Structures are given as C-alpha cells and as structure tokens.
Amino acid sequence: MSLFTALARTVADPTRHTPHRPRPVPVAWLPVAVVVCAFLFPGNFVVPGPLNSNGTPARLFSLVCLALAALTFVGSRRRRSDDGEPRWSLVGGAVVLYLAAAVWSYGVALSQPLDAAQSAGALRSLVGALGITGVTFYTWMLVRERSDVDRIVGWIVVGATFSVVVGALSWAGVLDWASLVRSTPLVENTPTLRAVSRLEFLRARGTGEHPLEFSLATTAALPLALHLARHGATAARRRASGLASLVLVAGVPLAVSRTAILGLAIAAVVAVSIWPAAQKVGALVAAGAGVLLLFVLAPALAGSLQLIFSEAGQDNSVTGRLDDYVLVEQLFREHPVLGLGSGVYRPETGGVYLDNTWLGTLIGGGAVGVVVLALLFLVAGAVAWDRSVLAADAADRSLNRSLLAVLGVVLMGAFTSDLTSFPQPTLVFTVVLGLLASRAGARAVPPRPPARS
C-alpha cells in the first residue's frame with residue numbers, strides 16, 4: 001500500500017519539495033542567460049538553420065533548462081524530509097498539468113490533416129510550452145538561498161531597465177536596436193516591425209518586437225524593482241534598484257498604450273499594498289507628482305494618453321478585438337472541448353491576429369485549455385498571496401507580494417495581447433512560477449540545537 005501511495009503522489013505532483021535532490025549539472029548562470037537573451041534579442045531574430053522561430057537564443061536556453069531539469073529529476077533519490085518544509089509544490093503541479101495539456105493539444109492537432117504552416121504552428125506551440133516548463137522547473141530546482149532569488153530577479157530588472165533606455169533612445173530617433181542586432185550572427189526569421197505610431201506619437205518598443213511587449217515587460221519588472229529597492233542585500237543594490245524603478249516608471253508612457261497604463265496601475269497598487277501606511281502615503285504623493293510632472297514636461301503626450309482611454313470606443317485596436325469575438329464563437333462551437341489544437345490557428349494559416357491569450361487558448365485548446373491556464377494563474381496567485389500574508393519576515397512578504405503583482409500584470413496582459421508572441425513578459429511570468437514553486441523567500445527553519453548527553 002505504501003508503494004502505491006508513493007506512486008500516486010509522484011503522478012499527482014512530480015515536483016513535490018525534496019530539498020535533498022541532487023543537481024547533476026548545476027548551471028547557476030543558465031536562468032540568467034535566458035533572461036539576458038530575452039531582453040537583448042527581439043523574438044524574430046534566430047540562429048541560422050532549420051529551427052526557424054524555435055531558434056531564438058532564449059528558447060534554446062530554455063530547452064537546455066528543460067533537459068537539465070529532466071536529468072535532475074530522473075537522477076534524484078527521493079526520501080522523506082523532516083526539516084519542516086512542505087512536501088508538495090502546488091505551483092509545480094499546476095505547471096505539470098499545463099505541460100500535459102500542451103502535449104495533449106499537440107496530439108489533437110496531429111489527429112487531423114494539416115498543411116505545412118499549420119504543422120509548423122503546432123510544433124512551435126509545443127516547443128514554447130516545453131521552454132516555459134523547462135525554465136520553471138530548473139528555476140525551482142536551482143533556487144536555494146535568498147541570494148539566488150535576488151540574482152535572478154535583479155537580472156530581470158536590469159534587462160527591463162535596459163529595454164527602457166533603448167526604447168527612449170529609439171523614441172528620440174537616436175538608436176535603431178534592430179539594426180544593431182543585425183550585426184550579430186543572428187538572422188531575422190520574420191521582417192522586423194516598422195515604426196508604430198499612435199496619435200502622431202512614435203510608440204517605444206525597447207528591445208522587443210512590439211510596444212505591447214515593451215509595456216508588459218516594463219510593468220511586470222516594476223514590482224520586482226520596488227522590492228529590491230526596499231529589501232536589497234546591500235545599500236548599493238537598494239539605490240540602484242530605486243533608480244531602476246524610476247526609469248521603469250518613466251518608460252511606461254513612451255509606449256502610448258492602454259496596456260502600459262493598466263499594467264503600471266496593477267503593479268504599483270499590488271506591490272505597495274504590503275507597505276507600511278507612511279510609505280503608502282509617500283508612494284501616493286510621488287505618483288501624483290509624477291502625473292503632474294508628465295503634464296508639465298510633455299503635455300501633448302499626457303493628452304494623448306487621456307485620449308486613448310476616452311476615445312477607446314473608436315480605436316481600431318479595440319474594435320478589432322471586439323470583432324474577433326464573432327469568429328472565436330464560431331470556431332468554439334465547432335470544437336468546444338479540446339479545440340483545434342494549439343498553434344493550428346495562426347495568421348499565416350489563414351486566420352487573424354487574436355490579441356487575446358484567452359481567446360487563442362479557447363480556439364487551440366478548447367474549454368479544457370482555458371481551465372488549465374486559469375488554474376495555473378489561480379494556483380500561483382493563491383500561493384503568492386498566502387505567503388505574502390503569512391510570512392514572518394518583512395522581506396519575505398514584500399517578495400511574494402511583488403511576485404503576485406507580476407502575476408496580476410501578466411493576467412491583465414493575457415486579455416489585451418497574445419502572450420505566446422511576446423517572449424519577454426512570458427519569460428518573467430515563467431521565472432515567477434519557478435520562484436513560487438521553489439518557496440522563494442521562505443525563511444529557512446532554524447536548525448535544532450544538539451541534544452545534551
């Protein structure tokens with residue numbers, strides 16, 4: 001009976017907490033490499049060869065993470081833990097379920113006749129899911145100490161801040177980041193998007209492909225920067241993180257995007273909600289001063305940001321999203337449970353761009369795919385909230401509340417964009433899942449004093 005119980009637990013949650021799990025190939029820099037590549041190279045730049053869109057540096061590194069995580073899991077020796085840590089990782093179990101749904105959806109796609117573009121789209125979707133789970137699992141296995149958390153989170157903040165600086169220089173007409181990337185050995189898998197304007201303003205996109213990607217990556221990194229500004233390991237790191245927070249906030253209006261403003265509001269409100277009352281008042285005063293400064297220094301930009309909300313009903317980006325509901329409803333009625341298969345419905349296969357991750361999941365994965373994705377957000381959010389409330393240490397509470405803020409930003413972005421097309425916010429979300437699965441920020445249980453003879 002004990003053998004059956006152990007097998008059932010393994011199947012139910014293969015990522016249960018095993019602090020004594022060996023790491024055969026502990027490559028501590030690998031998650032950092034994924035983050036750096038995602039924020040350096042736009043998603044349409046790939047290594048030369050037959051991999052096409054699957055050959056981005058960030059995705060290749062994420063697949064290496066998956067391979068190392070699999071080796072670690074296979075080579076692990078499970079045994080009971082008596083150190084007081086939970087034996088189960090709910091977030092890890094939700095990610096396992098997400099991977100299983102992705103593999104099943106790929107099988108659904110292959111069960112029907114596909115042309116070359118549809119087959120490539122289905123494979124691209126599966127490889128993307130494998131990369132997400134790879135980074136999540138390897139981050140979970142790698143993170144042991146608070147220094148590990150600070151290193152990974154710090155690099156996310158550095159990457160997002162660098163993207164804002166690039167976006168500001170490009171917005172001013174000083175720099176063309178895509179032209180610099182062309183000087184590397186990477187090649188463009190798809191043509192780089194031309195300059196995008198709204199209300200006569202050039203929309204910044206930083207080191208990403210699209211202003212929406214820039215918006216989500218910037219606002220998702222903001223709560224992490226605020227956490228490090230308050231609880232960084234050294235005074236120098238806290239000052240640098242505070243400066244990065246200011247840069248990230250200043251970069252948000254450059255996207256001229258509703259998603260950017262909503263993301264900024266969610267990130268700030270959730271992250272600041274854990275602060276003491278005096279600091280909340282200070283943050284509110286600083287926000288008011290920032291808005292006033294925007295109207296004084298860039299009144300035309302501030303007016304444009306007002307217009308994109310007040311005249312949203314006449315905006316093509318809004319009306320186009322609403323028009324998609326009719327098509328999605330029709331396709332959902334034809335395949336309500338399992339969908340067409342993830343990645344089959346793509347613009348290059350005759351479809352239209354669905355700027356909504358949930359609608360794309362509804363078509364590709366059906367009701368089952370939507371439930372699995374919702375469960376992933378729900379479990380991760382519940383774990384982050386629970387730890388931010390129950391943690392005994394202020395730094396632990398701040399960290400987990402900032403992770404919850406990232407989840408809120410990405411969840412909002414899932415309704416306004418196709419996250420599968422934007423590697424930067426997707427990677428930040430993936431790393432957050434790994435940190436939550438690793439019990440990042442949980443204070444270690446103090447060792448028991450030796451027994452007296």
# chains A, B, ... in the order shown; residues from 1 in each chain; ligands from 1
>>> select_by_dssp(residues="range 237-420 of chain A", states="helix (DSSP H, G or I)", output="ChimeraX atom specification")
/A:237-255,258-272,277-297,299-310,312-314,316-334,347-349,357-390,394-416,419-420
>>> closest_residue(among="A:Ala277, A:Ala265, A:Val91, A:Leu51", to="Phe377 in chain A", atoms="only C-alpha atoms")
A:Val91
>>> closest_residue(among="A:Asp150, A:Arg397, A:Asp386, A:Gly55", to="Pro276 in chain A", atoms="only C-alpha atoms")
A:Arg397
>>> closest_residue(among="A:Val410, A:Ala380, A:Ala395, A:Leu175", to="Ala229 in chain A", atoms="only C-alpha atoms")
A:Ala395
>>> residues_around(residues="Ala367 in chain A", least_positions_apart="6", cutoff="8 Å", atoms="only C-alpha atoms", output="number ranges by chain")
A: 336-339
>>> write_last_selection(atoms="N, CA and C atoms", output="PDB file, in the first residue's frame")
ATOM      1  N   PRO A 336     -15.626  22.546 -29.142  1.00  0.00           N
ATOM      2  CA  PRO A 336     -15.783  23.193 -27.831  1.00  0.00           C
ATOM      3  C   PRO A 336     -14.898  22.643 -26.730  1.00  0.00           C
ATOM      4  N   VAL A 337     -14.565  21.374 -26.740  1.00  0.00           N
ATOM      5  CA  VAL A 337     -13.892  20.761 -25.598  1.00  0.00           C
ATOM      6  C   VAL A 337     -12.375  20.827 -25.726  1.00  0.00           C
ATOM      7  N   LEU A 338     -11.841  20.289 -26.805  1.00  0.00           N
ATOM      8  CA  LEU A 338     -10.390  20.200 -26.968  1.00  0.00           C
ATOM      9  C   LEU A 338      -9.825  21.197 -27.971  1.00  0.00           C
ATOM     10  N   GLY A 339     -10.668  21.892 -28.709  1.00  0.00           N
ATOM     11  CA  GLY A 339     -10.201  22.888 -29.652  1.00  0.00           C
ATOM     12  C   GLY A 339      -9.593  22.280 -30.908  1.00  0.00           C
TER      13      GLY A 339
END
>>> residues_around(residues="Ala160 in chain A", least_positions_apart="5", cutoff="7 Å", atoms="only C-alpha atoms", output="list of chain:residue names")
A:Phe39, A:Ala217, A:Thr218, A:Ala221
>>> closest_residue(among="A:Glu311, A:Glu213, A:Asp393, A:Glu329", to="Leu359 in chain A", atoms="only C-alpha atoms")
A:Glu329
>>> closest_residue(among="A:Ala69, A:Val249, A:Ala100, A:Val64", to="Val372 in chain A", atoms="only C-alpha atoms")
A:Ala100
>>> closest_residue(among="A:Arg387, A:Arg124, A:Arg182, A:Arg321", to="Phe41 in chain A", atoms="only C-alpha atoms")
A:Arg182
>>> atom_distance(atom1="CA of Arg401 in chain A", atom2="CA of Ala101 in chain A")
28.5 Å
>>> atom_distance(atom1="CA of Leu224 in chain A", atom2="CA of Trp140 in chain A")
17.9 Å
>>> decode(residues="range 260-361 of chain A", atoms="C-alpha atoms", output="PDB file, in the first residue's frame")
ATOM      1  CA  ALA A 260       1.043  50.029 -20.208  1.00  0.00           C
ATOM      2  CA  ILE A 261      -1.069  52.344 -18.017  1.00  0.00           C
ATOM      3  CA  LEU A 262      -3.219  49.484 -16.695  1.00  0.00           C
ATOM      4  CA  GLY A 263      -0.116  47.396 -16.035  1.00  0.00           C
ATOM      5  CA  LEU A 264       1.508  50.265 -14.173  1.00  0.00           C
ATOM      6  CA  ALA A 265      -1.583  50.703 -12.005  1.00  0.00           C
ATOM      7  CA  ILE A 266      -1.811  46.987 -11.183  1.00  0.00           C
ATOM      8  CA  ALA A 267       1.906  46.639 -10.473  1.00  0.00           C
ATOM      9  CA  ALA A 268       2.008  49.696  -8.220  1.00  0.00           C
ATOM     10  CA  VAL A 269      -1.209  49.020  -6.288  1.00  0.00           C
ATOM     11  CA  VAL A 270      -0.457  45.356  -5.570  1.00  0.00           C
ATOM     12  CA  ALA A 271       3.201  45.899  -4.717  1.00  0.00           C
ATOM     13  CA  VAL A 272       2.566  48.932  -2.497  1.00  0.00           C
ATOM     14  CA  SER A 273      -0.339  47.246  -0.674  1.00  0.00           C
ATOM     15  CA  ILE A 274       2.126  45.440   1.600  1.00  0.00           C
ATOM     16  CA  TRP A 275       3.995  48.631   2.561  1.00  0.00           C
ATOM     17  CA  PRO A 276       3.528  50.444   5.895  1.00  0.00           C
ATOM     18  CA  ALA A 277       0.954  53.250   5.958  1.00  0.00           C
ATOM     19  CA  ALA A 278       3.546  56.039   5.892  1.00  0.00           C
ATOM     20  CA  GLN A 279       5.250  54.579   2.836  1.00  0.00           C
ATOM     21  CA  LYS A 280       1.882  54.142   1.108  1.00  0.00           C
ATOM     22  CA  VAL A 281       1.185  57.843   1.598  1.00  0.00           C
ATOM     23  CA  GLY A 282       4.640  58.662   0.252  1.00  0.00           C
ATOM     24  CA  ALA A 283       4.049  56.467  -2.811  1.00  0.00           C
ATOM     25  CA  LEU A 284       0.688  58.163  -3.420  1.00  0.00           C
ATOM     26  CA  VAL A 285       2.273  61.616  -3.215  1.00  0.00           C
ATOM     27  CA  ALA A 286       5.074  60.517  -5.568  1.00  0.00           C
ATOM     28  CA  ALA A 287       2.508  59.170  -8.056  1.00  0.00           C
ATOM     29  CA  GLY A 288       0.610  62.456  -8.023  1.00  0.00           C
ATOM     30  CA  ALA A 289       3.822  64.399  -8.515  1.00  0.00           C
ATOM     31  CA  GLY A 290       4.775  62.135 -11.412  1.00  0.00           C
ATOM     32  CA  VAL A 291       1.463  62.701 -13.176  1.00  0.00           C
ATOM     33  CA  LEU A 292       1.779  66.458 -12.669  1.00  0.00           C
ATOM     34  CA  LEU A 293       5.338  66.371 -13.980  1.00  0.00           C
ATOM     35  CA  LEU A 294       4.186  64.496 -17.082  1.00  0.00           C
ATOM     36  CA  PHE A 295       1.607  67.186 -17.857  1.00  0.00           C
ATOM     37  CA  VAL A 296       4.214  69.922 -17.365  1.00  0.00           C
ATOM     38  CA  LEU A 297       7.094  68.369 -19.331  1.00  0.00           C
ATOM     39  CA  ALA A 298       5.127  66.522 -22.035  1.00  0.00           C
ATOM     40  CA  PRO A 299       1.596  67.929 -22.222  1.00  0.00           C
ATOM     41  CA  ALA A 300       0.976  66.544 -25.697  1.00  0.00           C
ATOM     42  CA  LEU A 301       1.949  63.016 -24.598  1.00  0.00           C
ATOM     43  CA  ALA A 302      -0.209  63.312 -21.466  1.00  0.00           C
ATOM     44  CA  GLY A 303      -3.139  64.444 -23.583  1.00  0.00           C
ATOM     45  CA  SER A 304      -2.648  61.514 -25.923  1.00  0.00           C
ATOM     46  CA  LEU A 305      -2.695  59.086 -23.013  1.00  0.00           C
ATOM     47  CA  GLN A 306      -6.011  60.601 -21.961  1.00  0.00           C
ATOM     48  CA  LEU A 307      -7.435  60.234 -25.463  1.00  0.00           C
ATOM     49  CA  ILE A 308      -6.589  56.551 -25.819  1.00  0.00           C
ATOM     50  CA  PHE A 309      -8.929  55.930 -22.878  1.00  0.00           C
ATOM     51  CA  SER A 310     -11.660  58.497 -23.530  1.00  0.00           C
ATOM     52  CA  GLU A 311     -11.921  57.558 -27.233  1.00  0.00           C
ATOM     53  CA  ALA A 312     -11.316  53.834 -26.830  1.00  0.00           C
ATOM     54  CA  GLY A 313     -14.656  53.028 -28.459  1.00  0.00           C
ATOM     55  CA  GLN A 314     -13.437  54.457 -31.773  1.00  0.00           C
ATOM     56  CA  ASP A 315      -9.939  52.956 -31.586  1.00  0.00           C
ATOM     57  CA  ASN A 316      -9.198  50.329 -34.246  1.00  0.00           C
ATOM     58  CA  SER A 317      -7.299  48.191 -31.761  1.00  0.00           C
ATOM     59  CA  VAL A 318     -10.394  47.968 -29.549  1.00  0.00           C
ATOM     60  CA  THR A 319     -12.969  47.491 -32.301  1.00  0.00           C
ATOM     61  CA  GLY A 320     -10.752  44.873 -33.942  1.00  0.00           C
ATOM     62  CA  ARG A 321     -10.593  42.884 -30.723  1.00  0.00           C
ATOM     63  CA  LEU A 322     -14.369  43.056 -30.353  1.00  0.00           C
ATOM     64  CA  ASP A 323     -14.856  41.872 -33.933  1.00  0.00           C
ATOM     65  CA  ASP A 324     -12.796  38.770 -33.145  1.00  0.00           C
ATOM     66  CA  TYR A 325     -15.434  37.501 -30.727  1.00  0.00           C
ATOM     67  CA  VAL A 326     -17.777  36.517 -33.559  1.00  0.00           C
ATOM     68  CA  LEU A 327     -15.122  34.382 -35.246  1.00  0.00           C
ATOM     69  CA  VAL A 328     -13.997  32.841 -31.963  1.00  0.00           C
ATOM     70  CA  GLU A 329     -17.555  31.896 -31.048  1.00  0.00           C
ATOM     71  CA  GLN A 330     -17.997  30.138 -34.370  1.00  0.00           C
ATOM     72  CA  LEU A 331     -14.789  28.136 -34.054  1.00  0.00           C
ATOM     73  CA  PHE A 332     -15.528  27.281 -30.426  1.00  0.00           C
ATOM     74  CA  ARG A 333     -18.900  25.829 -31.355  1.00  0.00           C
ATOM     75  CA  GLU A 334     -17.195  23.525 -33.844  1.00  0.00           C
ATOM     76  CA  HIS A 335     -14.548  22.305 -31.337  1.00  0.00           C
ATOM     77  CA  PRO A 336     -15.783  23.193 -27.831  1.00  0.00           C
ATOM     78  CA  VAL A 337     -13.892  20.761 -25.598  1.00  0.00           C
ATOM     79  CA  LEU A 338     -10.390  20.200 -26.968  1.00  0.00           C
ATOM     80  CA  GLY A 339     -10.201  22.888 -29.652  1.00  0.00           C
ATOM     81  CA  LEU A 340      -8.367  22.720 -32.959  1.00  0.00           C
ATOM     82  CA  GLY A 341      -5.010  22.022 -31.353  1.00  0.00           C
ATOM     83  CA  SER A 342      -2.621  24.690 -30.068  1.00  0.00           C
ATOM     84  CA  GLY A 343      -0.844  26.625 -32.788  1.00  0.00           C
ATOM     85  CA  VAL A 344      -3.032  25.399 -35.656  1.00  0.00           C
ATOM     86  CA  TYR A 345      -4.987  28.625 -35.912  1.00  0.00           C
ATOM     87  CA  ARG A 346      -2.380  31.213 -36.863  1.00  0.00           C
ATOM     88  CA  PRO A 347      -2.384  34.310 -39.082  1.00  0.00           C
ATOM     89  CA  GLU A 348      -0.051  32.580 -41.526  1.00  0.00           C
ATOM     90  CA  THR A 349      -2.556  29.716 -41.805  1.00  0.00           C
ATOM     91  CA  GLY A 350      -5.406  31.965 -42.908  1.00  0.00           C
ATOM     92  CA  GLY A 351      -6.544  33.300 -39.542  1.00  0.00           C
ATOM     93  CA  VAL A 352      -6.401  36.745 -37.973  1.00  0.00           C
ATOM     94  CA  TYR A 353      -4.317  38.049 -35.100  1.00  0.00           C
ATOM     95  CA  LEU A 354      -6.094  37.402 -31.832  1.00  0.00           C
ATOM     96  CA  ASP A 355      -4.766  39.978 -29.371  1.00  0.00           C
ATOM     97  CA  ASN A 356      -6.133  37.914 -26.509  1.00  0.00           C
ATOM     98  CA  THR A 357      -4.389  34.896 -24.993  1.00  0.00           C
ATOM     99  CA  TRP A 358      -7.630  33.524 -23.616  1.00  0.00           C
ATOM    100  CA  LEU A 359      -9.377  33.592 -26.991  1.00  0.00           C
ATOM    101  CA  GLY A 360      -6.388  31.927 -28.623  1.00  0.00           C
ATOM    102  CA  THR A 361      -6.386  29.244 -25.920  1.00  0.00           C
TER     103      THR A 361
END
